[in-house]
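Taking it in order: structure first as structure tokens, then the write-up.
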Amino acid sequence: MTTTTNSSTHTHTITNRTRIRAALAGVLLATALASAGVTAEAAAPAEAADSVQTFRNAATSACLDDSETSGVRTYTCIQGNTHQKWNVHPWADGTRELRNSKTRLCLTDYPRGKAAPHPCDKAKDQSWIVHRYPDGAVEFKNQATGLCLDDSPAHHLRTFPCGTHNPRSPFQTWH
């Protein structure tokens, strides 16, 4: 404790005491919250907003498409084609629902690698884990089956065991 009567020394001592008290109060508050089971992450973050996107395959340059007559497939990309626009809804667990803007059906993965449209029902076979690459490209892995959305000239659109991310599979890469 400083006992000098110099006003600048006295002011400096009070300022230091105030800082120490504030820091101590913060530590005590954090300790009290932690012992009560409350953390800074206790409040769930708000879900991100939906977005509308088009997805072009890196290997085939075809776009993910859903139509009433042909179902889910890849097709020549046509700007403005509503069959190629997908409403991407983020779920609280980080997965995404892909709902076609035209048909309003969700991209669903069925056993044996069959991606198909189905009425949206919030099931895990309609939830996709998105791996985002540094260049903005993505890979879609189905939450229920663990298979990735894959397009190739030989097999067309399907789900298939996921490749590695390094090097990444162009058949499972979407822009």
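Each chain in the structure tokens gets a letter, A, B and so on, in the order shown; residues start at 1 in every chain, and ligands are counted from 1 in the order they appear.
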*Test item: residues at most 12 Å from Pro119 of chain A, only C-alpha atoms, excluding those fewer than 4 positions along its chain, as a PyMOL selection string*: chain A and resi 97-100+103-108+123+125-126
Go ahead and save the picked residues with N, CA and C atoms, as a compact mmCIF listing (two decimals), in the first residue's frame.
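The resulting file, again.txt, is shown below:
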# COMPACT_ATOMS: atom_id res chain seq x y z
N GLU A 97 -29.65 -30.41 -45.10
CA GLU A 97 -30.72 -30.99 -45.90
C GLU A 97 -30.65 -30.32 -47.27
N LEU A 98 -30.72 -31.10 -48.35
CA LEU A 98 -30.72 -30.57 -49.71
C LEU A 98 -32.11 -30.79 -50.31
N ARG A 99 -32.87 -29.69 -50.42
CA ARG A 99 -34.24 -29.75 -50.95
C ARG A 99 -34.26 -29.06 -52.31
N ASN A 100 -34.73 -29.77 -53.33
CA ASN A 100 -34.77 -29.18 -54.66
C ASN A 100 -35.78 -28.04 -54.72
N THR A 103 -38.91 -29.28 -57.32
CA THR A 103 -39.75 -30.42 -56.92
C THR A 103 -40.11 -30.40 -55.43
N ARG A 104 -39.32 -29.66 -54.64
CA ARG A 104 -39.49 -29.57 -53.19
C ARG A 104 -39.20 -30.91 -52.50
N LEU A 105 -38.55 -31.84 -53.22
CA LEU A 105 -38.17 -33.13 -52.64
C LEU A 105 -36.73 -33.07 -52.14
N CYS A 106 -36.42 -33.91 -51.16
CA CYS A 106 -35.08 -33.91 -50.57
C CYS A 106 -34.21 -35.00 -51.18
N LEU A 107 -32.92 -34.69 -51.30
CA LEU A 107 -31.94 -35.67 -51.76
C LEU A 107 -31.77 -36.69 -50.64
N THR A 108 -32.06 -37.94 -50.96
CA THR A 108 -32.09 -39.03 -49.99
C THR A 108 -31.15 -40.13 -50.46
N ALA A 123 -35.12 -37.13 -41.77
CA ALA A 123 -34.43 -38.37 -41.40
C ALA A 123 -32.94 -38.27 -41.72
N ASP A 125 -31.15 -40.20 -43.44
CA ASP A 125 -30.81 -40.51 -44.83
C ASP A 125 -30.99 -39.29 -45.74
N GLN A 126 -31.52 -38.19 -45.18
CA GLN A 126 -31.63 -36.92 -45.90
C GLN A 126 -30.70 -35.87 -45.33
How close does each residue of segment 74-143 of chain A get to segment 58-63 of chain A, giving the shortest atom pair and distance in Å to one decimal for every residue with an atom at most 6 Å away, counting only C-alpha atoms, sorted by chain and residue number, as a Markdown table?
| residue | atom | partner | partner_atom | distance |
| --- | --- | --- | --- | --- |
| A:Thr74 | CA | A:Cys63 | CA | 5.1 |
| A:Tyr75 | CA | A:Ala62 | CA | 5.1 |
| A:Thr76 | CA | A:Ala62 | CA | 4.9 |
| A:Cys77 | CA | A:Cys63 | CA | 5.1 |
_Report as an MDAnalysis selection string all protein, DNA and RNA residues lying within 6 Å of Thr95 of chain A, evaluated on only C-alpha atoms, omitting residues in the same chain fewer than 4 positions from it._
chainID A and resid 91 127:129
Write out, as a PDB file, in the first residue's frame, the residues just selected, with C-alpha atoms.
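out_38.pdb, freshly written:
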ATOM      1  CA  TRP A  91     -29.427 -28.527 -39.068  1.00  0.00           C
ATOM      2  CA  SER A 127     -28.881 -35.337 -43.793  1.00  0.00           C
ATOM      3  CA  TRP A 128     -25.553 -34.668 -45.468  1.00  0.00           C
ATOM      4  CA  ILE A 129     -22.231 -33.985 -43.780  1.00  0.00           C
TER       5      ILE A 129
END
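You can rank A:Ala154, A:Leu149, A:Leu64, A:Ala92 by their closest distance to Asp109 of chain A using only C-alpha atoms, and at the top of that list sits A:Leu149.
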*Go through A:Pro117, A:Pro111, A:Pro153, A:Pro167 one by one, measure the shortest atom-to-atom distance of each to Ser67 of chain A using only C-alpha atoms, and give the residue with the smallest value.*
A:Pro117
*Pick from A:Gly71, A:Gln53, A:Asn87, A:Gly94 nearest to His118 of chain A, counting only C-alpha atoms*: A:Gly71
*May I have the residues within 12 Å of Val130 of chain A as a PyMOL selection string, using only C-alpha atoms and disregarding those fewer than 6 positions away in the same chain?*
chain A and resi 88-91+93-98+136-143+146-149+172-174
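Picture a line from atom CA of Glu68 of chain A to atom CA of Asn81 of chain A; it runs 13.5 Å.
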